[in-house]
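S.K.: Have a look at this one before I ask anything.
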Amino acid sequence: MKVSRRSFLKYCIASAATIGLDLSVVKLLEKALAAAEAPPVLWLNGANCTGCTVSLANVVAHAGALDVGDLLINTINLTFHPNLMGAAGDLAVTTLFDAAQAGGYILAVDGGIPTAFDGHTCIVWTDPRTGMEVTALEAVTELAGGAAAVLCIGTCASFGGIPAGNPNPTSIRSVREIIGGSTINIPGCPPHPDWMVWTFAQLLAGLSPKLDSSGRPKELFSGKSGVHKKCPRKEVDGKAATFGTDGLCLKKLGCRGPECKADCSTRLWNNGTNWCVGANAICLACTENGFPDKFSPFYRD
Ligand code: SF4
Ligand code: SF4
């Protein structure tokens, strides 16, 4: 695929403050992108709804046009992505195998990994060399071994998420449980596009983000700017007794903001338009390990 990274750099510089990128990181990124080919990104889908990719597609630059095509296809060396790539079938899989053989790639996985029935509820491709179907379980296990970094995109890949919710008939596991090694988790149902771009930028700049005990970048999930801590409804007198009451705290209606470390209340979603509580919905703590079962039933104190 074509690799031209000026637009990514331009985006990072223009959006450094918004996405939380230190300018020193932007400088490193500039150097890395000028000096050499960025490592290829191999993006696998496990049991997912594709919402993480849709969320990433919501990236819109503040300076000039930048969409997911610019960001991933023309900017980051995205070698394999089942939803975004032009190639399909044997050609696509062969491209992935070639990149995997060279090593040093970033493996991004969205979706949980089914383990029941030997993983055969989630087939990712047919191996053109053998004609055999390959499961997400096999693909992730094999590709994680040669990866420079393994990114879990979304709560399903990070912790199991909704597909691993009770009764979990296909025995979904997180990527970390499957590979038994370290992963960088960018949870969220879906994750905010800024969180994904920030993490890609760190890795392309040659940095390793510091992680919390749940494998999340501390910079993004410190809790200092957690949902409840920075919620504009925190200091407001009175609690909402019913939905549709603008401006009042939703705790009595089941808001899980106090248990959630994401920075949605200040970052906002849809390019700074609004966020869950701002739209009078509760926070479901969708970025936390154990979501959804740990926080269910929703809509109740
Ligand atoms: S609405 Fe939720 S996040 Fe906001 S103050 Fe109330 S409990 Fe905290
Ligand atoms: S406010 Fe809560 S439920 Fe909404 S996106 Fe953020 S972490 Fe998820």
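Here, A, B, ... name the chains of the structure tokens in the order displayed, residue numbers run from 1 inside each chain, and ligands are numbered from 1 in the same displayed order.
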What do you get as an MDAnalysis selection string if you pick all residues at most 7 Å from ligand 1, counting only C-alpha atoms and all ligand atoms?
M.R.: chainID A and resid 227:228 231:234 248:251 255:258 277 282:283
S.K.: Write the residues of the selection above to a file with C-alpha atoms, as a PDB file, in the first residue's frame.
M.R.:
ATOM      1  CA  VAL A 227     -15.453  10.537  33.933  1.00  0.00           C
ATOM      2  CA  HIS A 228     -16.775  11.382  37.415  1.00  0.00           C
ATOM      3  CA  CYS A 231     -18.035  15.630  35.230  1.00  0.00           C
ATOM      4  CA  PRO A 232     -19.689  19.062  35.083  1.00  0.00           C
ATOM      5  CA  ARG A 233     -22.669  17.616  36.979  1.00  0.00           C
ATOM      6  CA  LYS A 234     -20.579  16.606  40.005  1.00  0.00           C
ATOM      7  CA  LEU A 248     -28.386  16.914  37.134  1.00  0.00           C
ATOM      8  CA  CYS A 249     -26.196  14.036  38.317  1.00  0.00           C
ATOM      9  CA  LEU A 250     -27.351  10.642  37.024  1.00  0.00           C
ATOM     10  CA  LYS A 251     -25.926   8.583  39.897  1.00  0.00           C
ATOM     11  CA  CYS A 255     -24.347   6.162  36.294  1.00  0.00           C
ATOM     12  CA  ARG A 256     -21.064   4.237  36.624  1.00  0.00           C
ATOM     13  CA  GLY A 257     -18.901   7.311  36.139  1.00  0.00           C
ATOM     14  CA  PRO A 258     -17.339   7.046  39.620  1.00  0.00           C
ATOM     15  CA  VAL A 277     -23.714  12.107  30.307  1.00  0.00           C
ATOM     16  CA  ILE A 282     -25.451   7.263  32.095  1.00  0.00           C
ATOM     17  CA  CYS A 283     -21.801   6.280  31.843  1.00  0.00           C
TER      18      CYS A 283
END
S.K.: Distance table requested - chain A against ligand 2, cut-off 6 Å, only C-alpha atoms and all ligand atoms: one row per qualifying residue with the closest atom pair and its distance in Å to one decimal, ordered by chain and rising residue number, as CSV.
M.R.:
residue,atom,partner,partner_atom_place_in_ligand_line,distance
A:Gly188,CA,ligand 2,8 (Fe),5.9
A:Ala262,CA,ligand 2,7 (S),5.3
A:Cys264,CA,ligand 2,6 (Fe),4.7
A:Cys276,CA,ligand 2,4 (Fe),4.7
A:Cys283,CA,ligand 2,2 (Fe),3.7
A:Leu284,CA,ligand 2,3 (S),4.0
A:Ala285,CA,ligand 2,2 (Fe),4.5
A:Cys286,CA,ligand 2,8 (Fe),4.1
A:Thr287,CA,ligand 2,7 (S),5.1
S.K.: What lies within 10 Å of Cys156 of chain A using only C-alpha atoms, ignoring chain neighbours under 6 positions off, as number ranges by chain?
M.R.: A: 46-49, 52, 109-113, 162-165, 172-175, 187-190, 287, 289, 291
S.K.: So, counting only C-alpha atoms, which residue among A:Leu78, A:Gly238, A:Trp125, A:Gly119 is closest to Leu91 of chain A?
M.R.: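 Closest to Leu91 of chain A of all the choices is A:Trp125.
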S.K.: Please report the interatomic distance between atom CA of Ala147 of chain A and atom CA of Leu207 of chain A in Å with one decimal.
M.R.: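 Value for the atom CA of Ala147 of chain A-atom CA of Leu207 of chain A distance: 15.1 Å.
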